[in-house]
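Working notes, beginning with the structure itself.
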Amino acid sequence: MSTVDLSPIVQGLNTLNHNLNVVDNHVSVIDDKVGLLAQEQGVTRSLLDKLYDEFSTFVQADLKHKERQFAATRLIEVRQALEKQYGHYEVVRRTTTGILQATDVALVRAETMRTVTENLMLTVPSYWLAPALVALTAWLADNRELAERAMTEALRRDDSKTSLFFSIVCKRADRLNATSRWLRRYFQNQSPFQMDREVVVMLDALTHGLFGGTALAEASDVIEHWVAELEEQAGFADAQRKRWSERLEVMAPRVGESDYPKLRRNCPTWSKLEKALARSRRNGVVQEYFEKMFTGEIVVPPGLEPEVDALLQSLVTHFDDEELPMRREERLLQLIMEEQGDKDAAQRRLHAEVEVFEDRIDFAALLTNAAMNPEQSGATRATQRYAVSRCRQWILSAHEDLVARDRNEMPAEVDLKIDSWNGRARDGSDESKLVTQMATHYETLANDAEKTLKLSGGQIIGGALVAVVGLIVAFPMKALLLGLVLMLGAGGYLLWKNNEIQQARKRERERIENERDTATSTLKACLAELTDLRREITATESQAERVSEFIRSLSSTQFVLQRPELSRATVA
Amino acid sequence: MPRPIIGHPQEGGGSPTRHPISSPSFTRPTPGLDHRLRQRRTSGLERAIHSLDAGTHGADRASLERLLEAIAAEFPDLAVDERPIGLVARCHLGSPFVVHVCDLSGMIVEHYPADRSMPAPFERARSLALHPSYVYVEVYRDSLRAVAPDGSVSVVHA
C-alpha cells in the first residue's frame with residue numbers, strides 16, 4: 001500500500017494559520033486606533049460646542065453693546081430734535097403753571113402776565129396753549145375783546161384741548177355755567193370710536209356731580225349722539241342686546257328641590273315647567289339687581305377732585321400729540337440703555353407702559369364695561385349708573401325679548417302621569433273633567449281585570465265531563481249513588497271555583513279602587529300645585545312690566561344722580 | 001270648524017286676487033333691517049288689526065283692501081320679502097274663535113278656534129298672540145315680532 005505525503009498541506013495550513021494570526025493582530029491594532037480616534041473626535045466636538053457657545057455669547061454681548069452705544073448716541077439726537085422742535089412748548093407749559101399758581105394766590109399783576117403771554121404768542125407760533133394763555137390773562141384783566149380773539153385762535157389750533165382746559169379752569173373759578181358750555185364743546189369734539197383718555201376722568205367727575213347737574217345734562221345730550229353714532233355701525237346694537245340678554249338670562253334662579261314636589265314627581269314634562277318657572281322668577285331678580293344699583297347715596301371718591309385738577313396739570317405739562325412719536329422713541333432708547341442694550345426687554349417694558357402714550361379709548365368698551373363689570377373696569381357706582389342709563393335701550397330690548405320668548409315657550413298644557421293614568425291639564429281649573437277621566441280609566445281597568453278572572457275553559461269542560469259521566473253512570477240506575485256523587489261533586493267544584501273567582505274579583509276591584517283613590521288624591525294635589533304655579537308665574541309677569549318701566553325711567557340724568565326712592569315722582 | 005273669510009274655494013264672488021310673495025330668505029335679517037323692524041309700530045296698523053274683529057273682511061272687499069294698505073303703509077321702505085308673511089292676533093268675535101290670522105302671501109284672513117291648529121308658520125305665534133301684553137304678532141320666516149299696545153316690538157327668534 002502506498003502512503004500519501006501530507007506534510008506540504010500541513011505546512012501550508014500552518015503558514016495560513018500564522019498569517020491569520022498576523023492579520024488578527026493587525027485588526028486589533030487598527031481597532032484600537034479607531035477607538036482612539038473616536039475619543040479624540042468626541043473631545044474635538046465638545047471643544048467646538050464650547051467654542052460655539054462662547055462665540056454666541058460674545059456676539060450677543062457685542063450686539064447689546066452696540067445697541068447700547070447706538071441708543072446713547074441716538075438718544076442725544078432725539079433729545080436735541082425734541083428741544084429744537086418742541087422745546088419752546090416747555091416754556092409755555094412752565095409759564096402756564098406759573099400763571100395758574102399766581103392766579104390762585106393773586107401775587108402777580110395782570111399787566112405782567114399779559115406781557116409775558118403776548119411774548120409767548122410771538123415765540124411759539126403753532127402751540128394751542130399760547131393763545132389759550134393769552135385768553136386766560138385777558139379774562140383775568142377783564143379784557144373781553146382780547147380774550148375772545150385769543151380764545152378763537154386757541155380753538156382753531158386745538159379745539160379739544162382748549163375746551164378741556166377752559167372747562168377745568170372755569171370749574172376752579174366756580175363758573176359752572178361756563179363750565180357746562182366748555183364741557184359740551186369738549187365732548188362734541190370727541191369721536192366715540194377714539195376718545196381722549198381724559199374723557200374717563202371727566203365722565204367720572206360729571207356722574208358724581210362735580211360739575212353740576214346742568215353740565216351732566218349738556219354732556220348727556222352729546223353722549224346720546226355718540227350712542228346713536230355707535231348704533232349706526234352694522235351689528236353694534238345687536239351685539240349689545242345680545243350681551244345684555246346673556247347677562248340677564250343667567251340671573252334666572254334655580255328652582256328649589258322642595259318646590260312643587262307633586263308636579264315634580266308626576267309630570268313627565270316637569271323640566272319644561274321648571275324652566276318656565278325659573279325664567280319667570282328671573283324678573284324679580286332683575287328688578288332687585290337694578291333697584292339695588294340705583295339705591296343709595298353717591299359718595300364722591302376722595303381722590304376724584306384732585307384727579308380732575310391733575311388733568312389740568314397734565315394738560316399744561318405733558319407732551320402733545322405731535323410730540324408723541326419722538327417721545328416714544330426717546331423712551332425706548334432710554335429703556336434700551338437701562339436694559340444694557342437688550343432691545344427685546346426694552347420693548348417689552350415699553351409695551352407695558354404703552355397706555356401712557358396711547359391717548360385713545362373706545363367709548364363702547366368704556367360704556368359696556370362700566371355698566372356690566374364695574375369692579376373689573378374700575379368704574380365707580382355713579383359711573384355704572386350713568387353707563388346703565390345710557391345703555392337703557394339695549395337693556396330694555398334684551399329684557400323684553402327674553403320676556404317675549406318666555407311667554408312664547410310657556411307650556412299651555414301640562415302632561416301628568418299618575419301610576420297607570422296619563423292626562424293633560426291646563427291650569428288646575430279642569431279638575432272635575434280630569435277626575436272623571438281618571439275614574440273612567442280605573443273603571444275600565446277594574447272591568448278588564450274582572451274579565452280576566454273567570455273559570456277557565458278547562459275547568460268548565462272538566463266539570464261538565466264529570467257531570468256527564470255521573471249522569472251516564474246514574475241513568476241506568478245501577479250506580480245511581482255514584483252518578484249522583486259525581487254530578488254533585490262536579491257541581492260543587494264549579495261552585496267553589498266560581499266563588500273563589502268572585503272573591504278574587506272583589507279583591508282586585510278593591511285594590512284598583514284603592515289605587516284610584518290614591519291616584520285621585522295625587523291628581524288633585526298636582527292640580528292644586530299647578531294652580532299655584534300658574535298664579536306665581538302670573539305674579540312674576542307683573543314684575544317683568546315693572547322692570548321695563550324702571551329701565552325706561554332711566555332717561556332722566558337727574559335720576560342717575562339722585563336716590564331713586566326720593567326722585568321717583570319727578571322722573572321723566 | 002274655523003271660519004274662513006277670504007280665499008275659501010266655496011265662497012262666492014270669484015277667487016281672491018293673489019299677490020305672490022317671493023319666498024323670503026331663511027337667513028337672519030341684516031343689522032339694518034333688524035333695526036328697522038324693531039322700530040315702534042304706528043297706531044294705524046293696530047287699528048287695522050282691530051278691525052278684523054268686526055269680521056267684515058269676508059263680505060267687504062274694501063275692508064280687506066284697507067287692511068292690506070295699512071300693512072303696506074307700515075313698511076313702505078321694505079321689499080316685499082322683508083315684510084312679515086302674516087299677522088296673528090287675538091280674536092274678539094267670540095266663542096269658539098280665539099285667534100285670527102292675516103296671511104299676507106295669500107291675502108287670506110281666517111279665524112280659528114282653540115282646538116284647531118293654524119298653518120305651520122303661524123301656529124307658533126299662538127301663545128304670544130293670546131297674551132294680554134301684545135296686540136298682535138308679526139310672523140316672519142325666522143322670527144316672531146310681538147307688538148305691544150305702545151307700538152314697541154319684542155323679537156323671538158326661531
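Going through the C-alpha cells in order, the chains are called A, B, and so on, while each chain numbers its residues from 1 and the ligands are numbered from 1 in the order shown.
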For this session: Could you please write out, as a count of residues only, every residue of region 23-156 of chain B that DSSP assigns to strand (DSSP E or B)?
Result: 31
Distance filter 9 Å, only C-alpha atoms, chain A against chain B, as an mmCIF file with N, CA and C atoms, in the first residue's frame:
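Just written: result.cif:
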```cif
data_model
loop_
_atom_site.group_PDB
_atom_site.id
_atom_site.type_symbol
_atom_site.label_atom_id
_atom_site.label_comp_id
_atom_site.auth_asym_id
_atom_site.auth_seq_id
_atom_site.Cartn_x
_atom_site.Cartn_y
_atom_site.Cartn_z
ATOM 1 N N GLU A 232 -75.179 103.087 14.595
ATOM 2 C CA GLU A 232 -75.190 103.043 13.130
ATOM 3 C C GLU A 232 -74.212 102.013 12.592
ATOM 4 N N GLN A 233 -73.280 101.624 13.442
ATOM 5 C CA GLN A 233 -72.345 100.576 12.997
ATOM 6 C C GLN A 233 -73.113 99.280 12.848
ATOM 7 N N ALA A 234 -72.858 98.592 11.754
ATOM 8 C CA ALA A 234 -73.579 97.351 11.483
ATOM 9 C C ALA A 234 -73.344 96.347 12.603
ATOM 10 N N GLY A 235 -74.438 95.850 13.159
ATOM 11 C CA GLY A 235 -74.335 94.792 14.154
ATOM 12 C C GLY A 235 -74.045 95.260 15.562
ATOM 13 N N PHE A 236 -73.777 96.548 15.766
ATOM 14 C CA PHE A 236 -73.393 97.027 17.094
ATOM 15 C C PHE A 236 -74.532 96.866 18.093
ATOM 16 N N ALA A 237 -75.697 97.410 17.741
ATOM 17 C CA ALA A 237 -76.834 97.353 18.675
ATOM 18 C C ALA A 237 -77.208 95.903 18.961
ATOM 19 N N ASP A 238 -77.160 95.086 17.931
ATOM 20 C CA ASP A 238 -77.492 93.674 18.095
ATOM 21 C C ASP A 238 -76.516 93.016 19.068
ATOM 22 N N SER A 397 -84.543 96.317 25.342
ATOM 23 C CA SER A 397 -84.810 95.371 24.247
ATOM 24 C C SER A 397 -84.456 93.952 24.653
ATOM 25 N N ALA A 398 -83.300 93.804 25.308
ATOM 26 C CA ALA A 398 -82.867 92.463 25.715
ATOM 27 C C ALA A 398 -83.878 91.872 26.692
ATOM 28 N N GLU A 400 -87.092 92.720 27.168
ATOM 29 C CA GLU A 400 -88.415 92.470 26.576
ATOM 30 C C GLU A 400 -88.376 91.299 25.592
ATOM 31 N N ASP A 401 -87.262 91.129 24.915
ATOM 32 C CA ASP A 401 -87.129 89.961 24.035
ATOM 33 C C ASP A 401 -87.135 88.680 24.861
ATOM 34 N N LEU A 402 -86.422 88.694 25.982
ATOM 35 C CA LEU A 402 -86.394 87.496 26.831
ATOM 36 C C LEU A 402 -87.788 87.182 27.361
ATOM 37 N N VAL A 403 -88.482 88.216 27.792
ATOM 38 C CA VAL A 403 -89.831 88.016 28.337
ATOM 39 C C VAL A 403 -90.766 87.466 27.262
ATOM 40 N N ALA A 404 -90.648 87.999 26.049
ATOM 41 C CA ALA A 404 -91.487 87.507 24.950
ATOM 42 C C ALA A 404 -91.173 86.041 24.669
ATOM 43 N N ARG A 405 -89.892 85.712 24.696
ATOM 44 C CA ARG A 405 -89.504 84.319 24.459
ATOM 45 C C ARG A 405 -90.096 83.421 25.549
ATOM 46 N N ARG A 407 -92.721 83.920 27.379
ATOM 47 C CA ARG A 407 -94.170 83.800 27.204
ATOM 48 C C ARG A 407 -94.493 82.836 26.064
ATOM 49 N N ASN A 408 -93.686 82.898 25.018
ATOM 50 C CA ASN A 408 -93.934 82.039 23.860
ATOM 51 C C ASN A 408 -93.690 80.567 24.187
ATOM 52 N N GLU A 409 -92.736 80.322 25.081
ATOM 53 C CA GLU A 409 -92.364 78.934 25.371
ATOM 54 C C GLU A 409 -93.080 78.375 26.599
ATOM 55 N N MET A 410 -93.942 79.191 27.200
ATOM 56 C CA MET A 410 -94.673 78.706 28.374
ATOM 57 C C MET A 410 -95.586 77.561 27.952
ATOM 58 N N PRO A 411 -95.484 76.396 28.599
ATOM 59 C CA PRO A 411 -96.357 75.289 28.187
ATOM 60 C C PRO A 411 -97.824 75.637 28.465
ATOM 61 N N ALA A 412 -98.650 75.507 27.438
ATOM 62 C CA ALA A 412 -100.070 75.815 27.621
ATOM 63 C C ALA A 412 -100.759 74.673 28.361
#
```
Problem set entry | Point-to-point distance from CA of Phe122 (chain B) to CA of Val139 (chain B), Å rounded to tenths |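 Interatomic distance, CA of Phe122 (chain B) to CA of Val139 (chain B): 6.6 Å.
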Filtered DSSP result for region 66-123 of chain B, state alpha helix (DSSP H), as a PDB file with N, CA and C atoms, in the first residue's frame:
```pdb
ATOM      1  N   ARG B  66    -108.298  97.800   2.700  1.00  0.00           N
ATOM      2  CA  ARG B  66    -107.820  98.829   3.644  1.00  0.00           C
ATOM      3  C   ARG B  66    -106.830  98.220   4.623  1.00  0.00           C
ATOM      4  N   LEU B  67    -107.142  97.004   5.049  1.00  0.00           N
ATOM      5  CA  LEU B  67    -106.228  96.324   5.963  1.00  0.00           C
ATOM      6  C   LEU B  67    -104.879  96.122   5.277  1.00  0.00           C
ATOM      7  N   LEU B  68    -104.911  95.644   4.063  1.00  0.00           N
ATOM      8  CA  LEU B  68    -103.657  95.375   3.364  1.00  0.00           C
ATOM      9  C   LEU B  68    -102.900  96.664   3.076  1.00  0.00           C
ATOM     10  N   GLU B  69    -103.627  97.722   2.827  1.00  0.00           N
ATOM     11  CA  GLU B  69    -102.962  99.020   2.607  1.00  0.00           C
ATOM     12  C   GLU B  69    -102.290  99.500   3.888  1.00  0.00           C
ATOM     13  N   ALA B  70    -102.979  99.293   5.002  1.00  0.00           N
ATOM     14  CA  ALA B  70    -102.396  99.715   6.285  1.00  0.00           C
ATOM     15  C   ALA B  70    -101.105  98.950   6.551  1.00  0.00           C
ATOM     16  N   ILE B  71    -101.112  97.671   6.200  1.00  0.00           N
ATOM     17  CA  ILE B  71     -99.909  96.858   6.402  1.00  0.00           C
ATOM     18  C   ILE B  71     -98.799  97.360   5.488  1.00  0.00           C
ATOM     19  N   ALA B  72     -99.135  97.628   4.226  1.00  0.00           N
ATOM     20  CA  ALA B  72     -98.119  98.121   3.289  1.00  0.00           C
ATOM     21  C   ALA B  72     -97.600  99.486   3.737  1.00  0.00           C
ATOM     22  N   ALA B  73     -98.497 100.320   4.302  1.00  0.00           N
ATOM     23  CA  ALA B  73     -98.086 101.662   4.732  1.00  0.00           C
ATOM     24  C   ALA B  73     -97.141 101.597   5.931  1.00  0.00           C
ATOM     25  N   GLU B  74     -97.232 100.526   6.704  1.00  0.00           N
ATOM     26  CA  GLU B  74     -96.342 100.391   7.866  1.00  0.00           C
ATOM     27  C   GLU B  74     -94.916 100.119   7.435  1.00  0.00           C
ATOM     28  N   ALA B 120     -98.604  75.953   9.672  1.00  0.00           N
ATOM     29  CA  ALA B 120     -97.325  75.864  10.394  1.00  0.00           C
ATOM     30  C   ALA B 120     -96.654  77.187  10.746  1.00  0.00           C
ATOM     31  N   PRO B 121     -96.435  78.111   9.818  1.00  0.00           N
ATOM     32  CA  PRO B 121     -95.649  79.261  10.258  1.00  0.00           C
ATOM     33  C   PRO B 121     -96.381  80.098  11.295  1.00  0.00           C
ATOM     34  N   PHE B 122     -97.728  79.981  11.379  1.00  0.00           N
ATOM     35  CA  PHE B 122     -98.497  80.873  12.242  1.00  0.00           C
ATOM     36  C   PHE B 122     -98.814  80.251  13.596  1.00  0.00           C
ATOM     37  N   GLU B 123     -98.868  78.930  13.678  1.00  0.00           N
ATOM     38  CA  GLU B 123     -99.255  78.292  14.929  1.00  0.00           C
ATOM     39  C   GLU B 123     -98.308  78.655  16.070  1.00  0.00           C
TER      40      GLU B 123
END
```
Residues near region 274-285 of chain A, cut-off 9 Å, only C-alpha atoms, skip fewer than 3 positions along chain, as a PDB file with N, CA, C and O atoms, in the first residue's frame:
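File selection.pdb, as written:
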```pdb
ATOM      1  N   LEU A 248     -78.674  89.024  31.568  1.00  0.00           N
ATOM      2  CA  LEU A 248     -79.950  88.900  32.283  1.00  0.00           C
ATOM      3  C   LEU A 248     -80.370  87.441  32.400  1.00  0.00           C
ATOM      4  O   LEU A 248     -80.919  87.016  33.408  1.00  0.00           O
ATOM      5  N   GLU A 249     -80.110  86.674  31.353  1.00  0.00           N
ATOM      6  CA  GLU A 249     -80.529  85.272  31.319  1.00  0.00           C
ATOM      7  C   GLU A 249     -79.953  84.475  32.491  1.00  0.00           C
ATOM      8  O   GLU A 249     -80.636  83.677  33.109  1.00  0.00           O
ATOM      9  N   VAL A 250     -78.679  84.713  32.805  1.00  0.00           N
ATOM     10  CA  VAL A 250     -78.041  83.910  33.864  1.00  0.00           C
ATOM     11  C   VAL A 250     -78.546  84.297  35.256  1.00  0.00           C
ATOM     12  O   VAL A 250     -78.203  83.646  36.238  1.00  0.00           O
ATOM     13  N   MET A 251     -79.346  85.327  35.331  1.00  0.00           N
ATOM     14  CA  MET A 251     -79.898  85.716  36.636  1.00  0.00           C
ATOM     15  C   MET A 251     -81.072  84.824  37.029  1.00  0.00           C
ATOM     16  O   MET A 251     -81.560  84.934  38.157  1.00  0.00           O
ATOM     17  N   ALA A 252     -81.560  83.964  36.127  1.00  0.00           N
ATOM     18  CA  ALA A 252     -82.685  83.089  36.476  1.00  0.00           C
ATOM     19  C   ALA A 252     -82.261  82.166  37.611  1.00  0.00           C
ATOM     20  O   ALA A 252     -81.278  81.436  37.478  1.00  0.00           O
ATOM     21  N   PRO A 253     -82.971  82.178  38.744  1.00  0.00           N
ATOM     22  CA  PRO A 253     -82.558  81.353  39.880  1.00  0.00           C
ATOM     23  C   PRO A 253     -82.965  79.895  39.677  1.00  0.00           C
ATOM     24  O   PRO A 253     -83.882  79.595  38.919  1.00  0.00           O
ATOM     25  N   ARG A 254     -82.299  79.003  40.377  1.00  0.00           N
ATOM     26  CA  ARG A 254     -82.670  77.583  40.309  1.00  0.00           C
ATOM     27  C   ARG A 254     -83.951  77.368  41.090  1.00  0.00           C
ATOM     28  O   ARG A 254     -84.170  77.997  42.126  1.00  0.00           O
ATOM     29  N   VAL A 255     -84.758  76.474  40.608  1.00  0.00           N
ATOM     30  CA  VAL A 255     -85.990  76.131  41.324  1.00  0.00           C
ATOM     31  C   VAL A 255     -85.613  75.114  42.396  1.00  0.00           C
ATOM     32  O   VAL A 255     -84.938  74.124  42.115  1.00  0.00           O
ATOM     33  N   ARG A 264     -93.378  67.741  40.342  1.00  0.00           N
ATOM     34  CA  ARG A 264     -92.040  67.265  40.006  1.00  0.00           C
ATOM     35  C   ARG A 264     -92.039  65.758  39.804  1.00  0.00           C
ATOM     36  O   ARG A 264     -91.373  65.232  38.913  1.00  0.00           O
ATOM     37  N   THR A 269     -93.186  66.167  31.805  1.00  0.00           N
ATOM     38  CA  THR A 269     -92.585  67.355  31.161  1.00  0.00           C
ATOM     39  C   THR A 269     -92.253  68.413  32.208  1.00  0.00           C
ATOM     40  O   THR A 269     -92.269  69.614  31.931  1.00  0.00           O
ATOM     41  N   TRP A 270     -91.942  67.963  33.425  1.00  0.00           N
ATOM     42  CA  TRP A 270     -91.628  68.888  34.511  1.00  0.00           C
ATOM     43  C   TRP A 270     -90.466  69.807  34.158  1.00  0.00           C
ATOM     44  O   TRP A 270     -90.441  70.985  34.529  1.00  0.00           O
ATOM     45  N   SER A 271     -89.505  69.286  33.387  1.00  0.00           N
ATOM     46  CA  SER A 271     -88.322  70.108  33.091  1.00  0.00           C
ATOM     47  C   SER A 271     -88.724  71.377  32.340  1.00  0.00           C
ATOM     48  O   SER A 271     -88.180  72.457  32.570  1.00  0.00           O
ATOM     49  N   GLU A 288     -84.611  93.444  41.313  1.00  0.00           N
ATOM     50  CA  GLU A 288     -83.802  93.713  42.506  1.00  0.00           C
ATOM     51  C   GLU A 288     -82.412  94.187  42.125  1.00  0.00           C
ATOM     52  O   GLU A 288     -81.848  95.107  42.734  1.00  0.00           O
ATOM     53  N   TYR A 289     -81.852  93.619  41.080  1.00  0.00           N
ATOM     54  CA  TYR A 289     -80.500  93.978  40.618  1.00  0.00           C
ATOM     55  C   TYR A 289     -80.424  95.454  40.254  1.00  0.00           C
ATOM     56  O   TYR A 289     -79.545  96.183  40.714  1.00  0.00           O
ATOM     57  N   PHE A 290     -81.396  95.911  39.468  1.00  0.00           N
ATOM     58  CA  PHE A 290     -81.347  97.305  39.034  1.00  0.00           C
ATOM     59  C   PHE A 290     -81.724  98.258  40.156  1.00  0.00           C
ATOM     60  O   PHE A 290     -81.140  99.332  40.292  1.00  0.00           O
ATOM     61  N   HIS A 399     -84.297  92.680  27.669  1.00  0.00           N
ATOM     62  CA  HIS A 399     -85.248  92.213  28.677  1.00  0.00           C
ATOM     63  C   HIS A 399     -86.586  91.839  28.030  1.00  0.00           C
ATOM     64  O   HIS A 399     -87.137  90.760  28.292  1.00  0.00           O
ATOM     65  N   LEU A 402     -86.422  88.694  25.982  1.00  0.00           N
ATOM     66  CA  LEU A 402     -86.394  87.496  26.831  1.00  0.00           C
ATOM     67  C   LEU A 402     -87.788  87.182  27.361  1.00  0.00           C
ATOM     68  O   LEU A 402     -88.214  86.022  27.379  1.00  0.00           O
ATOM     69  N   VAL A 403     -88.482  88.216  27.792  1.00  0.00           N
ATOM     70  CA  VAL A 403     -89.831  88.016  28.337  1.00  0.00           C
ATOM     71  C   VAL A 403     -90.766  87.466  27.262  1.00  0.00           C
ATOM     72  O   VAL A 403     -91.565  86.563  27.519  1.00  0.00           O
ATOM     73  N   ASP A 406     -89.997  83.890  26.817  1.00  0.00           N
ATOM     74  CA  ASP A 406     -90.520  83.089  27.926  1.00  0.00           C
ATOM     75  C   ASP A 406     -92.023  82.857  27.759  1.00  0.00           C
ATOM     76  O   ASP A 406     -92.532  81.754  27.988  1.00  0.00           O
ATOM     77  N   ARG A 407     -92.721  83.920  27.379  1.00  0.00           N
ATOM     78  CA  ARG A 407     -94.170  83.800  27.204  1.00  0.00           C
ATOM     79  C   ARG A 407     -94.493  82.836  26.064  1.00  0.00           C
ATOM     80  O   ARG A 407     -95.429  82.053  26.136  1.00  0.00           O
ATOM     81  N   GLU A 409     -92.736  80.322  25.081  1.00  0.00           N
ATOM     82  CA  GLU A 409     -92.364  78.934  25.371  1.00  0.00           C
ATOM     83  C   GLU A 409     -93.080  78.375  26.599  1.00  0.00           C
ATOM     84  O   GLU A 409     -92.810  77.247  26.992  1.00  0.00           O
ATOM     85  N   MET A 410     -93.942  79.191  27.200  1.00  0.00           N
ATOM     86  CA  MET A 410     -94.673  78.706  28.374  1.00  0.00           C
ATOM     87  C   MET A 410     -95.586  77.561  27.952  1.00  0.00           C
ATOM     88  O   MET A 410     -96.388  77.696  27.022  1.00  0.00           O
ATOM     89  N   PRO A 411     -95.484  76.396  28.599  1.00  0.00           N
ATOM     90  CA  PRO A 411     -96.357  75.289  28.187  1.00  0.00           C
ATOM     91  C   PRO A 411     -97.824  75.637  28.465  1.00  0.00           C
ATOM     92  O   PRO A 411     -98.168  76.000  29.590  1.00  0.00           O
ATOM     93  N   LEU A 533     -98.678  77.293  40.722  1.00  0.00           N
ATOM     94  CA  LEU A 533     -97.568  77.602  39.828  1.00  0.00           C
ATOM     95  C   LEU A 533     -97.982  78.648  38.805  1.00  0.00           C
ATOM     96  O   LEU A 533     -97.268  79.613  38.533  1.00  0.00           O
ATOM     97  N   ARG A 534     -99.174  78.455  38.239  1.00  0.00           N
ATOM     98  CA  ARG A 534     -99.651  79.428  37.229  1.00  0.00           C
ATOM     99  C   ARG A 534     -99.831  80.797  37.881  1.00  0.00           C
ATOM    100  O   ARG A 534     -99.528  81.834  37.289  1.00  0.00           O
ATOM    101  N   GLU A 536     -98.196  81.932  40.451  1.00  0.00           N
ATOM    102  CA  GLU A 536     -96.877  82.516  40.704  1.00  0.00           C
ATOM    103  C   GLU A 536     -96.322  83.124  39.427  1.00  0.00           C
ATOM    104  O   GLU A 536     -95.785  84.238  39.431  1.00  0.00           O
ATOM    105  N   ILE A 537     -96.475  82.399  38.331  1.00  0.00           N
ATOM    106  CA  ILE A 537     -95.944  82.902  37.064  1.00  0.00           C
ATOM    107  C   ILE A 537     -96.675  84.181  36.664  1.00  0.00           C
ATOM    108  O   ILE A 537     -96.072  85.134  36.167  1.00  0.00           O
ATOM    109  N   THR A 538     -97.975  84.218  36.887  1.00  0.00           N
ATOM    110  CA  THR A 538     -98.736  85.440  36.556  1.00  0.00           C
ATOM    111  C   THR A 538     -98.246  86.614  37.406  1.00  0.00           C
ATOM    112  O   THR A 538     -98.107  87.741  36.924  1.00  0.00           O
ATOM    113  N   ALA A 539     -97.976  86.337  38.675  1.00  0.00           N
ATOM    114  CA  ALA A 539     -97.497  87.411  39.558  1.00  0.00           C
ATOM    115  C   ALA A 539     -96.144  87.917  39.087  1.00  0.00           C
ATOM    116  O   ALA A 539     -95.871  89.121  39.081  1.00  0.00           O
ATOM    117  N   THR A 540     -95.265  87.016  38.671  1.00  0.00           N
ATOM    118  CA  THR A 540     -93.945  87.456  38.238  1.00  0.00           C
ATOM    119  C   THR A 540     -94.021  88.165  36.899  1.00  0.00           C
ATOM    120  O   THR A 540     -93.129  88.921  36.529  1.00  0.00           O
ATOM    121  N   GLU A 541     -95.109  87.920  36.184  1.00  0.00           N
ATOM    122  CA  GLU A 541     -95.320  88.657  34.927  1.00  0.00           C
ATOM    123  C   GLU A 541     -95.366  90.148  35.196  1.00  0.00           C
ATOM    124  O   GLU A 541     -94.829  90.957  34.451  1.00  0.00           O
ATOM    125  N   SER A 542     -96.051  90.508  36.252  1.00  0.00           N
ATOM    126  CA  SER A 542     -96.172  91.945  36.541  1.00  0.00           C
ATOM    127  C   SER A 542     -94.810  92.515  36.909  1.00  0.00           C
ATOM    128  O   SER A 542     -94.536  93.690  36.682  1.00  0.00           O
ATOM    129  N   GLN A 543     -93.932  91.671  37.456  1.00  0.00           N
ATOM    130  CA  GLN A 543     -92.579  92.147  37.751  1.00  0.00           C
ATOM    131  C   GLN A 543     -91.854  92.475  36.463  1.00  0.00           C
ATOM    132  O   GLN A 543     -91.057  93.417  36.421  1.00  0.00           O
ATOM    133  N   ALA A 544     -92.110  91.704  35.408  1.00  0.00           N
ATOM    134  CA  ALA A 544     -91.469  91.971  34.114  1.00  0.00           C
ATOM    135  C   ALA A 544     -91.840  93.369  33.641  1.00  0.00           C
ATOM    136  O   ALA A 544     -90.992  94.113  33.141  1.00  0.00           O
ATOM    137  N   GLU A 545     -93.117  93.730  33.840  1.00  0.00           N
ATOM    138  CA  GLU A 545     -93.555  95.062  33.410  1.00  0.00           C
ATOM    139  C   GLU A 545     -92.881  96.142  34.248  1.00  0.00           C
ATOM    140  O   GLU A 545     -92.509  97.211  33.740  1.00  0.00           O
ATOM    141  N   ARG A 546     -92.714  95.837  35.539  1.00  0.00           N
ATOM    142  CA  ARG A 546     -92.083  96.850  36.416  1.00  0.00           C
ATOM    143  C   ARG A 546     -90.620  97.052  36.025  1.00  0.00           C
ATOM    144  O   ARG A 546     -90.096  98.166  36.092  1.00  0.00           O
ATOM    145  N   VAL A 547     -89.968  95.976  35.635  1.00  0.00           N
ATOM    146  CA  VAL A 547     -88.572  96.107  35.195  1.00  0.00           C
ATOM    147  C   VAL A 547     -88.504  97.008  33.957  1.00  0.00           C
ATOM    148  O   VAL A 547     -87.669  97.907  33.875  1.00  0.00           O
TER     149      VAL A 547
END
```
Exercise. Between CA of Gly212 (chain A) and CA of Asp196 (chain A), what is the distance, to one decimal in Å?
Worked result: 21.7 Å
